[in-house]
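Student: I am sharing upload_14.csv, which consists of CSV, C-alpha atoms and all ligand atoms:
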```csv
chain,number,residue,atom,x,y,z
A,1,MET,CA,134.2,122.1,95.7
A,2,LEU,CA,131.1,122.7,93.6
A,3,SER,CA,128.3,124.7,95.1
A,4,ARG,CA,124.7,123.7,94.8
A,5,ARG,CA,124.3,126.3,92.1
A,6,ASP,CA,127.2,124.9,90.1
A,7,LEU,CA,125.7,121.5,90.4
A,8,ILE,CA,122.4,122.7,89.0
A,9,ARG,CA,124.2,124.3,86.1
A,10,THR,CA,126.6,121.5,85.3
A,11,ALA,CA,125.2,118.3,86.5
A,12,PRO,CA,123.1,116.2,84.1
A,13,LEU,CA,119.6,115.6,85.4
A,14,ALA,CA,120.3,112.0,86.4
A,15,ALA,CA,123.1,113.1,88.7
A,16,LEU,CA,120.9,115.7,90.3
A,17,ALA,CA,118.2,113.0,90.9
A,18,GLY,CA,121.0,110.9,92.4
A,19,LEU,CA,122.0,113.7,94.7
A,20,SER,CA,118.5,114.1,96.1
A,21,ALA,CA,118.0,110.4,96.2
A,22,THR,CA,120.7,110.2,98.8
A,23,GLY,CA,118.9,112.9,100.7
A,24,ALA,CA,121.7,115.4,100.4
A,25,ARG,CA,119.2,118.0,99.1
A,26,GLY,CA,115.6,117.2,98.3
A,27,ASP,CA,114.5,118.3,94.9
A,28,GLU,CA,112.3,115.4,93.7
A,29,PRO,CA,108.8,115.8,92.6
A,30,LEU,CA,105.9,114.0,94.2
A,31,ILE,CA,105.2,110.5,92.7
A,32,VAL,CA,101.9,110.2,90.9
A,33,ARG,CA,100.0,107.2,92.2
A,34,MET,CA,96.8,108.1,90.5
A,35,GLN,CA,96.1,110.7,87.9
A,36,GLU,CA,92.4,111.4,88.5
A,37,PRO,CA,91.5,111.9,91.3
A,38,ARG,CA,95.0,113.1,91.9
A,39,ASN,CA,96.9,111.0,94.5
A,40,LEU,CA,100.5,111.8,95.1
A,41,GLU,CA,103.3,110.2,97.2
A,42,THR,CA,106.2,111.9,98.9
A,43,PRO,CA,109.5,110.6,97.5
A,44,LEU,CA,111.8,109.0,100.2
A,45,SER,CA,114.3,111.9,99.8
A,46,GLU,CA,111.6,114.4,100.9
A,47,LEU,CA,110.0,112.3,103.7
A,48,PHE,CA,109.2,114.6,106.6
A,49,THR,CA,111.5,117.3,105.2
A,50,GLY,CA,109.7,118.6,102.1
A,51,GLY,CA,107.1,120.8,103.7
A,52,THR,CA,103.6,121.3,102.3
A,53,GLU,CA,104.8,121.2,98.7
A,54,LYS,CA,106.0,117.6,99.0
A,55,PHE,CA,103.3,116.4,101.4
A,56,PHE,CA,101.5,113.3,100.0
A,57,VAL,CA,97.9,113.7,98.8
A,58,ARG,CA,95.2,111.1,99.2
A,59,SER,CA,91.8,111.9,97.7
A,60,HIS,CA,89.0,109.5,96.8
A,61,PHE,CA,87.1,111.9,94.7
A,62,ALA,CA,87.8,115.1,92.7
A,63,VAL,CA,88.7,118.2,94.8
A,64,PRO,CA,85.4,120.0,95.4
A,65,GLU,CA,85.1,123.7,95.0
A,66,VAL,CA,84.5,125.3,98.3
A,67,ASP,CA,84.2,129.1,98.5
A,68,ALA,CA,86.0,130.1,101.7
A,69,LYS,CA,84.0,133.4,102.0
A,70,ALA,CA,80.6,131.8,101.7
A,71,PHE,CA,81.7,128.7,103.7
A,72,LYS,CA,79.5,127.5,106.6
A,73,LEU,CA,80.2,124.5,108.8
A,74,THR,CA,77.0,123.0,110.1
A,75,VAL,CA,76.8,121.1,113.4
A,76,SER,CA,73.7,119.1,113.9
A,77,GLY,CA,72.2,115.8,115.3
A,78,HIS,CA,72.4,114.8,118.9
A,79,VAL,CA,73.1,118.4,120.2
A,80,GLU,CA,71.1,121.0,122.2
A,81,LYS,CA,72.0,123.9,119.8
A,82,PRO,CA,72.7,123.2,116.1
A,83,LEU,CA,75.3,125.6,114.7
A,84,GLU,CA,76.3,127.2,111.5
A,85,LEU,CA,79.8,128.6,111.7
A,86,SER,CA,81.7,130.6,109.2
A,87,LEU,CA,85.5,130.5,109.0
A,88,ALA,CA,85.6,133.8,110.9
A,89,ASP,CA,83.4,132.4,113.6
A,90,LEU,CA,85.8,129.4,114.0
A,91,LYS,CA,88.9,131.6,114.0
A,92,LYS,CA,87.3,133.7,116.8
A,93,MET,CA,87.2,130.6,118.9
A,94,GLY,CA,90.9,130.8,119.2
A,95,ASP,CA,93.7,128.9,117.5
A,96,VAL,CA,96.1,126.2,118.6
A,97,SER,CA,99.0,124.9,116.6
A,98,ARG,CA,100.3,121.3,116.9
A,99,GLU,CA,102.9,119.2,115.0
A,100,ILE,CA,101.1,116.0,114.1
A,101,VAL,CA,102.0,113.1,111.8
A,102,LEU,CA,99.4,112.1,109.2
A,103,GLU,CA,99.8,108.6,107.7
A,104,CYS,CA,97.5,106.9,105.2
A,105,ALA,CA,96.3,103.6,106.4
A,106,GLY,CA,97.4,102.1,103.1
A,107,ASN,CA,101.0,103.4,103.4
A,108,GLY,CA,103.5,100.7,102.5
A,109,ARG,CA,100.9,98.7,100.5
A,110,VAL,CA,103.4,98.0,97.7
A,111,PHE,CA,105.3,95.7,100.2
A,112,LEU,CA,102.3,93.4,100.7
A,113,VAL,CA,102.7,89.8,99.4
A,114,PRO,CA,100.6,88.8,97.5
A,115,GLN,CA,99.9,92.2,95.9
A,116,ALA,CA,96.8,93.9,97.3
A,117,ARG,CA,94.2,96.0,95.6
A,118,GLY,CA,94.4,99.8,96.2
A,119,LEU,CA,97.0,102.5,95.6
A,120,GLN,CA,100.5,101.0,95.6
A,121,TRP,CA,102.1,103.3,98.1
A,122,GLY,CA,105.8,102.9,99.0
A,123,HIS,CA,106.8,104.5,102.3
A,124,GLY,CA,105.7,108.0,101.2
A,125,GLY,CA,102.1,108.0,102.2
A,126,VAL,CA,103.0,109.8,105.4
A,127,GLY,CA,104.0,113.3,106.5
A,128,SER,CA,104.0,115.7,109.3
A,129,ALA,CA,102.9,119.3,109.5
A,130,LYS,CA,102.2,122.1,112.0
A,131,TRP,CA,98.4,122.3,111.9
A,132,THR,CA,96.6,125.4,113.2
A,133,GLY,CA,92.9,125.5,114.1
A,134,VAL,CA,90.4,125.0,116.9
A,135,PRO,CA,89.9,121.8,118.9
A,136,LEU,CA,86.8,119.9,117.7
A,137,GLY,CA,85.9,119.6,121.4
A,138,ALA,CA,85.4,123.4,121.7
A,139,VAL,CA,83.0,123.3,118.8
A,140,LEU,CA,81.1,120.4,120.3
A,141,GLU,CA,80.9,122.2,123.6
A,142,ARG,CA,79.4,125.2,121.9
A,143,ALA,CA,76.7,123.0,120.3
A,144,GLY,CA,76.0,121.3,123.6
A,145,VAL,CA,76.2,117.6,122.9
A,146,LYS,CA,73.3,115.7,124.6
A,147,ARG,CA,73.8,112.7,126.9
A,148,GLY,CA,74.5,109.4,125.3
A,149,ALA,CA,76.5,110.7,122.3
A,150,GLY,CA,78.0,108.0,120.0
A,151,ASP,CA,80.1,108.9,117.0
A,152,VAL,CA,80.7,112.4,115.8
A,153,VAL,CA,80.5,112.1,112.0
A,154,LEU,CA,82.8,114.4,110.0
A,155,VAL,CA,81.5,114.9,106.4
A,156,GLY,CA,83.5,116.2,103.5
A,157,ALA,CA,82.2,118.3,100.6
A,158,ASP,CA,83.6,115.8,98.0
A,159,LYS,CA,81.3,113.2,96.6
A,160,GLY,CA,81.3,110.3,94.2
A,161,THR,CA,79.8,106.9,93.3
A,162,ILE,CA,81.5,103.6,94.0
A,163,ALA,CA,80.8,100.6,91.8
A,164,ASP,CA,81.7,97.7,94.2
A,165,PRO,CA,79.7,97.6,96.4
A,166,ALA,CA,77.4,99.9,94.5
A,167,THR,CA,76.6,103.0,96.6
A,168,PRO,CA,73.1,104.7,96.7
A,169,GLY,CA,74.2,107.3,94.1
A,170,ALA,CA,77.0,109.7,95.0
A,171,ILE,CA,78.1,109.5,98.6
A,172,PRO,CA,80.4,112.0,100.4
A,173,PHE,CA,83.6,111.0,102.1
A,174,ASP,CA,82.9,110.9,105.8
A,175,ARG,CA,84.1,109.3,109.0
A,176,GLY,CA,82.6,108.8,112.5
A,177,ILE,CA,84.9,109.4,115.5
A,178,PRO,CA,83.9,108.1,118.9
A,179,PHE,CA,82.9,111.0,121.2
A,180,ALA,CA,85.9,110.5,123.5
A,181,LYS,CA,88.4,110.8,120.7
A,182,ALA,CA,86.4,113.7,119.1
A,183,LYS,CA,86.8,115.6,122.4
A,184,ALA,CA,90.5,114.8,122.8
A,185,ASP,CA,93.0,117.7,122.6
A,186,GLU,CA,94.7,116.2,119.5
A,187,THR,CA,91.5,116.3,117.4
A,188,LEU,CA,91.4,119.6,115.6
A,189,LEU,CA,89.5,121.5,112.9
A,190,VAL,CA,92.3,123.3,111.0
A,191,TRP,CA,92.6,126.0,108.4
A,192,GLU,CA,96.4,126.3,108.3
A,193,MET,CA,99.1,123.9,107.4
A,194,ASN,CA,102.7,124.9,108.2
A,195,GLY,CA,101.6,128.5,108.8
A,196,GLU,CA,99.8,128.9,105.5
A,197,PRO,CA,96.2,128.6,104.6
A,198,LEU,CA,95.3,125.0,103.6
A,199,THR,CA,95.7,124.3,99.9
A,200,PRO,CA,92.8,122.9,97.9
A,201,ALA,CA,94.5,119.5,97.7
A,202,HIS,CA,94.9,119.3,101.5
A,203,GLY,CA,91.3,120.3,102.2
A,204,ALA,CA,90.8,124.1,102.0
A,205,PRO,CA,89.2,125.9,103.7
A,206,LEU,CA,88.7,123.5,106.6
A,207,ARG,CA,89.8,120.0,107.5
A,208,ALA,CA,90.0,117.7,110.5
A,209,ILE,CA,93.2,116.4,112.0
A,210,VAL,CA,92.7,113.4,114.3
A,211,GLY,CA,96.1,113.1,116.1
A,212,GLY,CA,97.5,109.6,116.2
A,213,TRP,CA,94.9,108.1,113.8
A,214,TYR,CA,95.4,107.0,110.3
A,215,GLY,CA,94.6,109.6,107.6
A,216,MET,CA,91.1,108.4,106.7
A,217,ALA,CA,89.8,110.2,109.9
A,218,ALA,CA,91.3,113.5,108.9
A,219,VAL,CA,88.3,114.6,106.7
A,220,LYS,CA,89.2,117.3,104.2
A,221,TRP,CA,86.8,120.0,102.8
A,222,LEU,CA,84.9,119.5,106.1
A,223,SER,CA,81.3,120.8,105.6
A,224,GLN,CA,79.2,119.1,108.1
A,225,ILE,CA,79.4,117.6,111.6
A,226,VAL,CA,76.6,115.3,112.7
A,227,VAL,CA,76.6,113.9,116.2
A,228,LEU,CA,74.9,110.5,116.5
A,229,ASP,CA,73.7,108.6,119.5
A,230,ARG,CA,75.3,105.4,118.1
A,231,GLU,CA,78.3,104.3,116.0
A,232,HIS,CA,78.3,105.4,112.5
A,233,ALA,CA,78.2,102.6,109.9
A,234,GLY,CA,79.3,104.6,106.9
A,235,PHE,CA,81.1,103.1,103.8
A,236,TRP,CA,84.5,104.5,104.9
A,237,GLN,CA,84.6,102.6,108.1
A,238,THR,CA,82.8,99.4,107.2
A,239,PHE,CA,83.7,98.4,103.6
A,240,ASP,CA,86.7,100.6,103.4
A,241,TYR,CA,89.2,101.3,106.2
A,242,SER,CA,88.1,98.4,108.4
A,243,ARG,CA,90.0,95.4,109.8
A,244,TRP,CA,89.1,92.0,111.2
A,245,GLU,CA,88.8,91.6,115.0
A,246,ARG,CA,88.5,88.2,116.6
A,247,PRO,CA,86.5,88.6,119.8
A,248,LYS,CA,86.8,85.7,122.3
A,249,GLY,CA,83.8,83.4,122.0
A,250,ALA,CA,82.2,85.3,119.1
A,251,PRO,CA,82.7,85.2,115.3
A,252,PRO,CA,85.1,87.6,113.7
A,253,ARG,CA,83.8,91.0,113.0
A,254,LEU,CA,84.9,94.1,111.0
A,255,VAL,CA,85.9,97.2,113.1
A,256,PRO,CA,87.0,100.6,111.8
A,257,VAL,CA,90.8,101.2,111.4
A,258,THR,CA,91.8,103.8,114.0
A,259,ALA,CA,95.3,104.4,115.6
A,260,ILE,CA,98.6,104.5,113.7
A,261,GLU,CA,100.9,101.6,114.5
A,262,PRO,CA,104.6,102.1,115.3
A,263,LYS,CA,106.9,102.3,112.3
A,264,ALA,CA,110.5,103.0,111.5
A,265,VAL,CA,111.6,103.5,107.9
A,266,ILE,CA,115.1,103.8,106.3
A,267,VAL,CA,115.4,106.6,103.8
A,268,SER,CA,119.1,106.3,103.0
A,269,PRO,CA,120.8,104.3,101.6
A,270,LEU,CA,118.3,103.3,99.0
A,271,ALA,CA,117.4,99.8,98.0
A,272,GLY,CA,119.3,98.5,95.0
A,273,THR,CA,122.3,100.8,95.5
A,274,THR,CA,125.9,99.9,96.2
A,275,VAL,CA,127.8,101.1,99.3
A,276,PRO,CA,131.6,100.9,99.9
A,277,ALA,CA,132.6,97.7,101.7
A,278,GLY,CA,134.9,98.1,104.8
A,279,GLN,CA,134.0,101.7,105.3
A,280,GLU,CA,131.5,103.4,107.6
A,281,VAL,CA,128.1,103.8,106.0
A,282,LYS,CA,125.6,106.2,107.4
A,283,VAL,CA,122.0,105.1,107.6
A,284,ARG,CA,119.2,107.6,108.0
A,285,GLY,CA,115.5,107.2,108.8
A,286,PHE,CA,112.4,108.3,110.6
A,287,ALA,CA,110.0,106.7,113.1
A,288,TRP,CA,106.6,107.5,114.5
A,289,ALA,CA,104.0,105.7,116.7
A,290,GLY,CA,100.6,107.4,116.4
A,291,GLU,CA,99.0,108.1,119.8
A,292,ARG,CA,102.1,106.9,121.6
A,293,GLY,CA,105.6,108.3,121.4
A,294,VAL,CA,108.5,106.5,119.9
A,295,ALA,CA,110.5,105.0,122.8
A,296,LYS,CA,113.2,103.2,120.9
A,297,VAL,CA,114.6,102.7,117.4
A,298,GLU,CA,116.8,99.7,116.5
A,299,PHE,CA,118.8,98.9,113.4
A,300,SER,CA,120.1,95.6,111.9
A,301,SER,CA,122.5,95.3,109.0
A,302,SER,CA,122.2,91.5,109.1
A,303,GLY,CA,118.6,91.0,108.0
A,304,GLY,CA,117.4,90.9,111.5
A,305,GLU,CA,119.9,88.4,113.0
A,306,VAL,CA,121.6,91.0,115.2
A,307,TRP,CA,120.0,94.2,116.3
A,308,SER,CA,121.6,97.3,117.8
A,309,VAL,CA,119.8,100.1,119.7
A,310,VAL,CA,120.1,103.3,117.7
A,311,GLN,CA,118.4,105.6,120.1
A,312,VAL,CA,116.3,105.4,123.3
A,313,TYR,CA,114.0,108.4,123.7
A,314,GLU,CA,113.6,109.6,127.3
A,315,LYS,CA,110.6,111.8,126.6
A,316,PRO,CA,108.6,110.1,123.9
A,317,LYS,CA,106.3,112.5,122.0
A,318,PRO,CA,102.9,111.2,121.0
A,319,PHE,CA,101.6,112.2,117.6
A,320,GLU,CA,105.1,113.3,116.4
A,321,TYR,CA,108.0,111.7,114.5
A,322,VAL,CA,111.6,111.3,115.3
A,323,LYS,CA,114.6,111.4,112.9
A,324,TRP,CA,117.4,108.9,113.6
A,325,GLU,CA,120.8,108.0,112.2
A,326,ALA,CA,123.0,104.9,112.5
A,327,THR,CA,126.4,103.8,111.1
A,328,PHE,CA,127.8,100.4,110.2
A,329,LYS,CA,130.7,98.9,108.4
A,330,PRO,CA,129.6,96.3,105.8
A,331,ALA,CA,131.6,93.4,104.4
A,332,ALA,CA,131.5,93.0,100.7
A,333,GLY,CA,128.4,91.2,99.5
A,334,PRO,CA,124.6,91.5,99.6
A,335,LEU,CA,123.0,93.4,102.5
A,336,LYS,CA,119.6,93.4,104.2
A,337,LEU,CA,119.0,96.5,106.3
A,338,LEU,CA,116.1,96.7,108.8
A,339,ALA,CA,114.9,99.2,111.3
A,340,ARG,CA,112.2,98.8,114.0
A,341,ALA,CA,110.5,101.1,116.3
A,342,THR,CA,109.1,100.4,119.8
A,343,ASP,CA,106.5,102.8,121.3
A,344,ASP,CA,106.2,103.9,124.9
A,345,ALA,CA,103.6,101.2,125.5
A,346,GLY,CA,106.3,98.6,124.7
A,347,ARG,CA,104.9,97.6,121.3
A,348,THR,CA,107.4,96.8,118.6
A,349,GLN,CA,106.8,96.6,114.9
A,350,PRO,CA,106.0,93.0,114.0
A,351,ASP,CA,108.2,90.7,111.9
A,352,ALA,CA,105.4,89.5,109.7
A,353,ARG,CA,102.3,90.8,108.2
A,354,ASP,CA,99.0,90.3,110.1
A,355,THR,CA,96.4,89.6,107.4
A,356,ASP,CA,93.5,90.5,109.6
A,357,ARG,CA,94.4,94.0,108.9
A,358,ARG,CA,93.4,93.5,105.3
A,359,THR,CA,95.2,96.1,103.2
A,360,TYR,CA,95.7,98.7,106.0
A,361,MET,CA,98.0,99.4,109.0
A,362,ILE,CA,101.1,98.1,107.2
A,363,ASN,CA,104.0,98.2,109.7
A,364,HIS,CA,105.7,94.9,109.4
A,365,ARG,CA,109.5,95.2,108.9
A,366,VAL,CA,110.5,95.7,105.3
A,367,PRO,CA,114.2,95.1,104.5
A,368,VAL,CA,116.2,97.5,102.3
A,369,GLU,CA,118.3,95.2,100.1
A,370,LEU,CA,121.5,96.5,98.6
A,371,SER,CA,125.1,95.4,98.3
A,372,ALA,CA,128.6,96.5,99.5
A,373,LYS,CA,131.5,96.4,97.1
Q,1,LIG,N1,86.9,114.7,102.2
Q,1,LIG,C1,87.9,113.9,102.2
Q,1,LIG,N2,88.7,113.8,103.2
Q,1,LIG,C2,89.8,112.9,103.2
Q,1,LIG,C3,90.0,112.0,102.1
Q,1,LIG,C4,89.1,112.1,101.0
Q,1,LIG,O1,89.2,111.4,100.0
Q,1,LIG,N3,88.1,113.1,101.1
Q,1,LIG,N4,91.0,111.1,102.2
Q,1,LIG,C5,91.5,110.8,103.5
Q,1,LIG,C6,92.7,110.0,103.5
Q,1,LIG,S1,92.4,108.3,103.2
Q,1,LIG,C7,93.9,110.5,103.9
Q,1,LIG,S2,95.2,109.4,104.1
Q,1,LIG,C8,94.1,111.9,104.2
Q,1,LIG,C9,95.2,112.5,103.3
Q,1,LIG,O2,95.4,113.8,103.6
Q,1,LIG,P1,96.3,114.7,102.6
Q,1,LIG,O3,95.7,114.5,101.2
Q,1,LIG,O4,96.2,116.1,103.1
Q,1,LIG,O5,97.7,114.1,102.7
Q,1,LIG,O6,92.9,112.6,103.9
Q,1,LIG,C10,91.7,112.0,104.4
Q,1,LIG,N5,90.6,112.9,104.2
Q,2,MO,MO,94.4,107.2,103.6
```
I need this file expressed as structure tokens, please.
Ligand SMILES: Nc1nc2c(c(=O)[nH]1)N[C@H]1C(S)=C(S)[C@@H](COP(=O)(O)O)O[C@H]1N2
Ligand SMILES: [Mo]
Tutor:
Amino acid sequence: MLSRRDLIRTAPLAALAGLSATGARGDEPLIVRMQEPRNLETPLSELFTGGTEKFFVRSHFAVPEVDAKAFKLTVSGHVEKPLELSLADLKKMGDVSREIVLECAGNGRVFLVPQARGLQWGHGGVGSAKWTGVPLGAVLERAGVKRGAGDVVLVGADKGTIADPATPGAIPFDRGIPFAKAKADETLLVWEMNGEPLTPAHGAPLRAIVGGWYGMAAVKWLSQIVVLDREHAGFWQTFDYSRWERPKGAPPRLVPVTAIEPKAVIVSPLAGTTVPAGQEVKVRGFAWAGERGVAKVEFSSSGGEVWSVVQVYEKPKPFEYVKWEATFKPAAGPLKLLARATDDAGRTQPDARDTDRRTYMINHRVPVELSAK
């Protein structure tokens, strides 16, 4: 049998790509979704397994230069004691490490029909890392938040202008988090990703991680925290990253996108490939459910007519992902594979797209179409 090294020496590039495409060994580069600012998608073969190097990148503006040595995080607004904290000050406040999934709210946008505006992510706008930092709650406690706090606004050092709707000159990327979520254990200010200092692309020297929420809340290049006595109505939670809500007895209104929806994806076999008919085929995938844990993963090789339970999780883990595997024996012909996740609150991925979500929170079931021969 050929070793990995022999393969590298002898296999043509296409065969190597094929090898990693089946997930046998990941060696695929990130997919460029936008050149400038740089936006990169994790290839399916590297999903959840490629580490920091293959972690997707979503940036609205150019990466700002932040000098870690001179860096000061300011905390101001509705607090007793405004703060200016260096990285060393923050590190002295202790460190916690947590495995947390980060998913872009637009992940899966390429599967929307009709096509939607925005980056055309496949399934690879998601990843998981071990994040190390200090709970945001500890910093807020030190600043002494006054009674009647509203949103805690996290402000990035990156800036830019937006044409439609025209912004008042350059605006920073920012996001308000309700005080209760800001104080929750899973909301962190982090300086390490997978045991290494944050890279510039992922927000060095300091970023937020808001466990269980879509990525837009995980502000990178964090420079400022402003506590408000009300909700924040910034661009990134009104025009962008908002969805329609239909309150009873009142007209529809836009509300910020927050928690990650349950989702299962199939990473192997790939769409458009051919699998052997009459033989066992292995199906591999991942699932996650934001603030809830994954309680169940199901699989269908019949386009959703018949479902079988792949796995029931006795101890669902909020904020984390699970890896799953299933097998089936296809008859010759076209195939439509589906997977679906149910969270520990009993919520299952929907069949169809809810258009009130605009171009975000994309977790309807997307079939993998291939054939058996
Ligand atoms: N300052 C700043 N923070 C940001 C963004 C940004 O453009 N600027 N993008 C957000 C979005 S939409 C996502 S999905 C995550 C992506 O984090 P990553 O690039 O480390 O994967 O960062 C978030 N934090
Ligand atoms: Mo995002």
Student: Tell me, in Å to one decimal, how far atom S1 of ligand LIG 1 (chain Q) is from CA of Arg142 in chain A.
Tutor: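 Answer for the atom S1 of ligand LIG 1 (chain Q) to CA of Arg142 in chain A separation: 28.4 Å.
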Student: May I have the protein, DNA and RNA residues with any atom at most 9 Å from the point (84.6, 133.0, 108.8), counting all atoms listed in the file, written as an MDAnalysis selection string?
Tutor: chainID A and resid 68:72 85:92
Student: Please return, as a VMD selection string, all polymer residues that have at least one atom within 12 Å of the point (96.3, 107.9, 100.6); use all atoms listed in the file and the file's own coordinate frame.
Tutor: chain A and resid 32 to 34 37 to 42 55 to 61 102 to 109 118 to 127 202 214 to 218 241 360
Student: Take the selection from the previous step and output its residues with C-alpha atoms, as a PDB file, in the coordinates of the input.
Tutor:
```
ATOM      1  CA  VAL A  32     101.900 110.200  90.900  1.00  0.00           C
ATOM      2  CA  ARG A  33     100.000 107.200  92.200  1.00  0.00           C
ATOM      3  CA  MET A  34      96.800 108.100  90.500  1.00  0.00           C
ATOM      4  CA  PRO A  37      91.500 111.900  91.300  1.00  0.00           C
ATOM      5  CA  ARG A  38      95.000 113.100  91.900  1.00  0.00           C
ATOM      6  CA  ASN A  39      96.900 111.000  94.500  1.00  0.00           C
ATOM      7  CA  LEU A  40     100.500 111.800  95.100  1.00  0.00           C
ATOM      8  CA  GLU A  41     103.300 110.200  97.200  1.00  0.00           C
ATOM      9  CA  THR A  42     106.200 111.900  98.900  1.00  0.00           C
ATOM     10  CA  PHE A  55     103.300 116.400 101.400  1.00  0.00           C
ATOM     11  CA  PHE A  56     101.500 113.300 100.000  1.00  0.00           C
ATOM     12  CA  VAL A  57      97.900 113.700  98.800  1.00  0.00           C
ATOM     13  CA  ARG A  58      95.200 111.100  99.200  1.00  0.00           C
ATOM     14  CA  SER A  59      91.800 111.900  97.700  1.00  0.00           C
ATOM     15  CA  HIS A  60      89.000 109.500  96.800  1.00  0.00           C
ATOM     16  CA  PHE A  61      87.100 111.900  94.700  1.00  0.00           C
ATOM     17  CA  LEU A 102      99.400 112.100 109.200  1.00  0.00           C
ATOM     18  CA  GLU A 103      99.800 108.600 107.700  1.00  0.00           C
ATOM     19  CA  CYS A 104      97.500 106.900 105.200  1.00  0.00           C
ATOM     20  CA  ALA A 105      96.300 103.600 106.400  1.00  0.00           C
ATOM     21  CA  GLY A 106      97.400 102.100 103.100  1.00  0.00           C
ATOM     22  CA  ASN A 107     101.000 103.400 103.400  1.00  0.00           C
ATOM     23  CA  GLY A 108     103.500 100.700 102.500  1.00  0.00           C
ATOM     24  CA  ARG A 109     100.900  98.700 100.500  1.00  0.00           C
ATOM     25  CA  GLY A 118      94.400  99.800  96.200  1.00  0.00           C
ATOM     26  CA  LEU A 119      97.000 102.500  95.600  1.00  0.00           C
ATOM     27  CA  GLN A 120     100.500 101.000  95.600  1.00  0.00           C
ATOM     28  CA  TRP A 121     102.100 103.300  98.100  1.00  0.00           C
ATOM     29  CA  GLY A 122     105.800 102.900  99.000  1.00  0.00           C
ATOM     30  CA  HIS A 123     106.800 104.500 102.300  1.00  0.00           C
ATOM     31  CA  GLY A 124     105.700 108.000 101.200  1.00  0.00           C
ATOM     32  CA  GLY A 125     102.100 108.000 102.200  1.00  0.00           C
ATOM     33  CA  VAL A 126     103.000 109.800 105.400  1.00  0.00           C
ATOM     34  CA  GLY A 127     104.000 113.300 106.500  1.00  0.00           C
ATOM     35  CA  HIS A 202      94.900 119.300 101.500  1.00  0.00           C
ATOM     36  CA  TYR A 214      95.400 107.000 110.300  1.00  0.00           C
ATOM     37  CA  GLY A 215      94.600 109.600 107.600  1.00  0.00           C
ATOM     38  CA  MET A 216      91.100 108.400 106.700  1.00  0.00           C
ATOM     39  CA  ALA A 217      89.800 110.200 109.900  1.00  0.00           C
ATOM     40  CA  ALA A 218      91.300 113.500 108.900  1.00  0.00           C
ATOM     41  CA  TYR A 241      89.200 101.300 106.200  1.00  0.00           C
ATOM     42  CA  TYR A 360      95.700  98.700 106.000  1.00  0.00           C
TER      43      TYR A 360
END
```
Student: Within 9 Å of range 243-248 of chain A, counting all atoms listed in the file, which residues qualify if same-chain residues fewer than 4 places away don't, as a list in words?
Tutor: Thr238, Pro252, Arg253, Leu254, Val255, Pro256, Val257, Thr355, Asp356, Arg357, Arg358, Thr359, Tyr360 and Met361 of chain A
Student: Fewer than 3 positions away in the same chain doesn't count, so skip those; otherwise give me all residues within 8 Å of range 93-96 of chain A, counting all atoms listed in the file, as a list in words.
Tutor: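 Everything that qualifies: Asp89, Leu90, Thr132, Gly133, Val134, Pro135 and Ala138 of chain A.
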Student: When distances are computed from only C-alpha atoms, which of A:Ala331, A:Phe319, A:Glu196, A:Phe173 shows the smallest separation from Asp240 in chain A?
Tutor: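 Looking at the shortest contact to Asp240 in chain A, the residue is A:Phe173.
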Student: Kindly reconstruct range 242-249 of chain A with N, CA, C and O atoms and present the result as an mmCIF file, in the coordinates of the input.
Tutor:
```
data_model
loop_
_atom_site.group_PDB
_atom_site.id
_atom_site.type_symbol
_atom_site.label_atom_id
_atom_site.label_comp_id
_atom_site.auth_asym_id
_atom_site.auth_seq_id
_atom_site.Cartn_x
_atom_site.Cartn_y
_atom_site.Cartn_z
ATOM 1 N N SER A 242 88.455 99.212 107.261
ATOM 2 C CA SER A 242 88.100 98.400 108.400
ATOM 3 C C SER A 242 89.043 97.171 108.439
ATOM 4 O O SER A 242 89.677 96.844 107.431
ATOM 5 N N ARG A 243 89.138 96.556 109.614
ATOM 6 C CA ARG A 243 90.000 95.400 109.800
ATOM 7 C C ARG A 243 89.240 94.326 110.553
ATOM 8 O O ARG A 243 88.222 94.631 111.183
ATOM 9 N N TRP A 244 89.755 93.114 110.502
ATOM 10 C CA TRP A 244 89.100 92.000 111.200
ATOM 11 C C TRP A 244 89.532 92.031 112.697
ATOM 12 O O TRP A 244 90.708 92.221 113.008
ATOM 13 N N GLU A 245 88.554 91.792 113.531
ATOM 14 C CA GLU A 245 88.800 91.600 115.000
ATOM 15 C C GLU A 245 88.256 90.230 115.302
ATOM 16 O O GLU A 245 87.209 89.851 114.763
ATOM 17 N N ARG A 246 88.956 89.505 116.192
ATOM 18 C CA ARG A 246 88.500 88.200 116.600
ATOM 19 C C ARG A 246 88.123 88.186 118.060
ATOM 20 O O ARG A 246 88.977 87.854 118.890
ATOM 21 N N PRO A 247 86.889 88.575 118.408
ATOM 22 C CA PRO A 247 86.500 88.600 119.800
ATOM 23 C C PRO A 247 86.467 87.173 120.369
ATOM 24 O O PRO A 247 86.092 86.255 119.629
ATOM 25 N N LYS A 248 86.853 87.016 121.632
ATOM 26 C CA LYS A 248 86.800 85.700 122.300
ATOM 27 C C LYS A 248 85.351 85.226 122.347
ATOM 28 O O LYS A 248 84.485 85.973 122.783
ATOM 29 N N GLY A 249 85.099 83.997 121.904
ATOM 30 C CA GLY A 249 83.800 83.400 122.000
ATOM 31 C C GLY A 249 82.726 83.965 121.081
ATOM 32 O O GLY A 249 81.529 83.744 121.267
#
```
